[in-house]
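J.: Take this structure, written in structure tokens, and hold onto it; I'll ask about it next.
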Amino acid sequence: MNIDFEIQEQKIEGIKLINPFYIEDKRGYFMKSFEKDIFKSFGIQTEIYEDFESYSIGGVIRGLHFQTQYPQSKLVRVIKGEIRDVVVDLRKNSKTFGKYMDIVLNEKNHYMLWIPAGFAHGFEVLSENAIMSYKCFGKYRKEYDTGIRWNDKDISVEWITLNPILSEKDMFLMTFDEFVRKYIGL
């Protein structure tokens with residue numbers, strides 16, 4: 001069996017959209033979401049450190065999260081439902097520093113998004129509920145876990161959800177300007 005992946009570069013350097021091997025028939029489906037050698041051939045770090053799954057109800061916005069030290073890379077996909085995934089470039093010397101991109105991930109398109117270290121990550125749930133899978137490359141370190149406020153005026157993500165459901169933590173994350181002053185020094 002030839003197990004092919006399609007991996008496409010996105011408008012922000014380093015972000016990759018992955019269309020995994022997927023077949024479906026009357027019995028159900030089979031999907032191969034990861035193969036170390038294939039990912040390595042596309043320049044994707046392949047040492048999985050942690051694997052998470054989250055369940056969220058419709059209208060939830062999570063993020064925009066990152067670690068200030070020892071940043072993690074992530075491979076995310078939707079198992080059930082539909083989300084709009086958002087990444088913000090926090091790499092100081094990047095030509096897209098402070099810019100965001102978004103993409104819809106759902107259980108029908110099977111897309112996965114590769115998010116390298118140096119990005120803030122978040123998503124909004126567009127369906128009644130959604131189950132997300134995260135493969136993380138690098139250890140989670142609570143003491144460096146933070147983020148940028150979902151509705152930051154400088155980043156100006158155009159969220160679809162008008163009255164989001166947020167965690168208390170996400171309501172009080174720093175602004176992009178605070179991040180720049182504290183961690184970038186611009």
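Chains: A, B, ... in order of the structure tokens. Residues: from 1 per chain. Ligands: from 1, in order shown.
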Give the strand (DSSP E) residues of chain A, as DSSP finds them on the backbone, and put them as a PyMOL selection string.
T.: chain A and resi 6-9+16-19+21-25+28-32+50-57+61-67+73-80+82-89+100-106+112-115+119-125+129-137+145-147
J.: Any chance you could tabulate, as CSV, the residues of range 82-116 of chain A at most 12 Å from range 138-155 of chain A with each one's nearest atom pair and distance in Å to one decimal, using only C-alpha atoms, in chain and rising number order?
T.:
```
residue,atom,partner,partner_atom,distance
A:Val86,CA,A:Trp150,CA,9.9
A:Val87,CA,A:Ile155,CA,10.6
A:Val88,CA,A:Ile155,CA,8.1
A:Asp89,CA,A:Ile155,CA,10.0
A:Leu90,CA,A:Ile148,CA,10.3
A:Thr96,CA,A:Ile155,CA,11.5
A:Phe97,CA,A:Ile155,CA,10.2
A:Gly98,CA,A:Ile155,CA,6.4
A:Lys99,CA,A:Ile155,CA,6.5
A:Tyr100,CA,A:Ile155,CA,7.1
A:Met101,CA,A:Ile155,CA,10.4
A:Pro116,CA,A:Gly138,CA,10.7
```
J.: List every residue of range 34-129 of chain A that has an atom at most 12 Å from any atom of range 3-22 of chain A, giving for each one its closest atom pair and the distance in Å to one decimal, counting only C-alpha atoms, sorted by chain and then by ascending residue number, as CSV.
T.:
```
residue,atom,partner,partner_atom,distance
A:Phe34,CA,A:Pro20,CA,7.7
A:Glu35,CA,A:Phe5,CA,9.4
A:Lys36,CA,A:Phe5,CA,11.9
A:Asp37,CA,A:Phe5,CA,11.5
A:Ile38,CA,A:Phe5,CA,7.9
A:Phe39,CA,A:Ile7,CA,8.8
A:Lys40,CA,A:Ile7,CA,11.6
A:Ser41,CA,A:Ile7,CA,10.4
A:Phe42,CA,A:Ile7,CA,7.6
A:Gly43,CA,A:Gly14,CA,9.2
A:Ile44,CA,A:Lys16,CA,9.0
A:Gln45,CA,A:Gly14,CA,11.3
A:Ser73,CA,A:Ile15,CA,10.3
A:Lys74,CA,A:Ile15,CA,10.2
A:Leu75,CA,A:Ile18,CA,9.3
A:Val76,CA,A:Ile18,CA,9.8
A:Arg77,CA,A:Ile18,CA,9.5
A:Asp85,CA,A:Leu17,CA,11.4
A:Val86,CA,A:Ile15,CA,11.0
A:Val87,CA,A:Ile15,CA,8.7
A:Val88,CA,A:Ile12,CA,9.2
A:Asp89,CA,A:Ile12,CA,7.8
A:Leu90,CA,A:Ile12,CA,11.3
A:Arg91,CA,A:Glu13,CA,10.6
A:Asn93,CA,A:Glu13,CA,11.9
A:Ser94,CA,A:Glu13,CA,8.5
A:Lys95,CA,A:Ile12,CA,8.8
A:Thr96,CA,A:Ile12,CA,6.6
A:Phe97,CA,A:Ile12,CA,9.4
A:Gly98,CA,A:Ile12,CA,10.8
A:Lys99,CA,A:Ile12,CA,8.4
A:Tyr100,CA,A:Ile12,CA,8.0
A:Met101,CA,A:Ile12,CA,7.3
A:Asp102,CA,A:Gln10,CA,10.0
A:Ile103,CA,A:Leu17,CA,9.0
A:Val104,CA,A:Leu17,CA,10.7
A:Leu105,CA,A:Leu17,CA,9.9
A:Asn106,CA,A:Asn19,CA,11.8
A:Glu107,CA,A:Tyr22,CA,11.6
A:Lys108,CA,A:Tyr22,CA,10.6
A:Asn109,CA,A:Asn19,CA,8.1
A:His110,CA,A:Asn19,CA,6.6
A:Tyr111,CA,A:Asn19,CA,5.0
A:Met112,CA,A:Ile18,CA,5.0
A:Leu113,CA,A:Leu17,CA,4.9
A:Trp114,CA,A:Lys16,CA,5.0
A:Ile115,CA,A:Ile15,CA,5.4
A:Pro116,CA,A:Gly14,CA,6.3
A:Ala117,CA,A:Gly14,CA,9.1
A:Gly118,CA,A:Gly14,CA,9.7
A:Phe119,CA,A:Ile15,CA,9.3
A:Ala120,CA,A:Ile15,CA,11.9
A:His121,CA,A:Ile15,CA,11.5
```
J.: Would you pick out the contacts of range 163-166 of chain A at 8 Å or less, using only C-alpha atoms, so that residues sharing its chain but fewer than 2 positions from it are not included, and give the list as a PyMOL selection string?
T.: chain A and resi 59-62+161+168+170-171
J.: For a quick check of understanding, using only C-alpha atoms, which of A:Arg84, A:Glu47, A:Ser156, A:Asp25 has the smallest distance to Leu126 in chain A?
T.: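 Residue with the minimum atom-to-atom distance to Leu126 in chain A: A:Arg84.
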J.: When you draw a straight line from CA of Ile160 in chain A to CA of Val78 in chain A, how long is it in Å?
T.: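 Between these atoms lies a distance of 18.0 Å.
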J.: So which one's closest to Tyr183 in chain A, A:Lys92, A:Gly28, A:Glu158, A:Tyr70? Using only C-alpha atoms, please.
T.: A:Lys92
J.: Write down as a JSON list (two decimals) with all heavy atoms, in the first residue's frame the residues of range 4-155 of chain A whose backbone DSSP state falls under alpha helix (DSSP H).
T.:
```json
[["chain", "number", "residue", "atom", "x", "y", "z"],
["A", 36, "LYS", "N", 7.46, 9.35, 10.64],
["A", 36, "LYS", "CA", 8.67, 10.09, 10.96],
["A", 36, "LYS", "C", 9.50, 10.41, 9.71],
["A", 36, "LYS", "O", 9.90, 11.56, 9.51],
["A", 36, "LYS", "CB", 9.50, 9.29, 11.96],
["A", 36, "LYS", "CG", 10.75, 10.00, 12.40],
["A", 36, "LYS", "CD", 11.47, 9.18, 13.47],
["A", 36, "LYS", "CE", 12.69, 9.93, 13.95],
["A", 36, "LYS", "NZ", 13.32, 9.28, 15.08],
["A", 37, "ASP", "N", 9.76, 9.44, 8.86],
["A", 37, "ASP", "CA", 10.62, 9.67, 7.69],
["A", 37, "ASP", "C", 10.00, 10.63, 6.68],
["A", 37, "ASP", "O", 10.69, 11.47, 6.11],
["A", 37, "ASP", "CB", 10.97, 8.34, 7.00],
["A", 37, "ASP", "CG", 11.87, 7.47, 7.86],
["A", 37, "ASP", "OD1", 12.54, 8.01, 8.77],
["A", 37, "ASP", "OD2", 11.89, 6.25, 7.64],
["A", 38, "ILE", "N", 8.70, 10.52, 6.46],
["A", 38, "ILE", "CA", 8.03, 11.44, 5.53],
["A", 38, "ILE", "C", 8.07, 12.86, 6.08],
["A", 38, "ILE", "O", 8.41, 13.80, 5.36],
["A", 38, "ILE", "CB", 6.58, 10.99, 5.25],
["A", 38, "ILE", "CG1", 6.58, 9.69, 4.44],
["A", 38, "ILE", "CG2", 5.80, 12.09, 4.52],
["A", 38, "ILE", "CD1", 5.21, 9.07, 4.27],
["A", 39, "PHE", "N", 7.75, 13.02, 7.34],
["A", 39, "PHE", "CA", 7.76, 14.36, 7.92],
["A", 39, "PHE", "C", 9.17, 14.95, 7.89],
["A", 39, "PHE", "O", 9.35, 16.11, 7.56],
["A", 39, "PHE", "CB", 7.20, 14.32, 9.35],
["A", 39, "PHE", "CG", 5.71, 14.36, 9.39],
["A", 39, "PHE", "CD1", 4.94, 13.44, 8.71],
["A", 39, "PHE", "CD2", 5.05, 15.33, 10.12],
["A", 39, "PHE", "CE1", 3.56, 13.47, 8.74],
["A", 39, "PHE", "CE2", 3.68, 15.38, 10.17],
["A", 39, "PHE", "CZ", 2.93, 14.45, 9.47],
["A", 40, "LYS", "N", 10.16, 14.13, 8.20],
["A", 40, "LYS", "CA", 11.54, 14.59, 8.17],
["A", 40, "LYS", "C", 11.94, 15.06, 6.78],
["A", 40, "LYS", "O", 12.65, 16.06, 6.62],
["A", 40, "LYS", "CB", 12.48, 13.48, 8.65],
["A", 40, "LYS", "CG", 13.91, 13.91, 8.80],
["A", 40, "LYS", "CD", 14.75, 12.77, 9.37],
["A", 40, "LYS", "CE", 16.19, 13.21, 9.54],
["A", 40, "LYS", "NZ", 17.01, 12.13, 10.08],
["A", 41, "SER", "N", 11.47, 14.38, 5.74],
["A", 41, "SER", "CA", 11.81, 14.77, 4.37],
["A", 41, "SER", "C", 11.24, 16.13, 4.00],
["A", 41, "SER", "O", 11.72, 16.78, 3.07],
["A", 41, "SER", "CB", 11.34, 13.71, 3.37],
["A", 41, "SER", "OG", 9.94, 13.75, 3.20]]
```
J.: Between CA of Gly81 in chain A and CA of Tyr134 in chain A, what is the distance in Å, rounded to a tenth?
T.: 15.0 Å
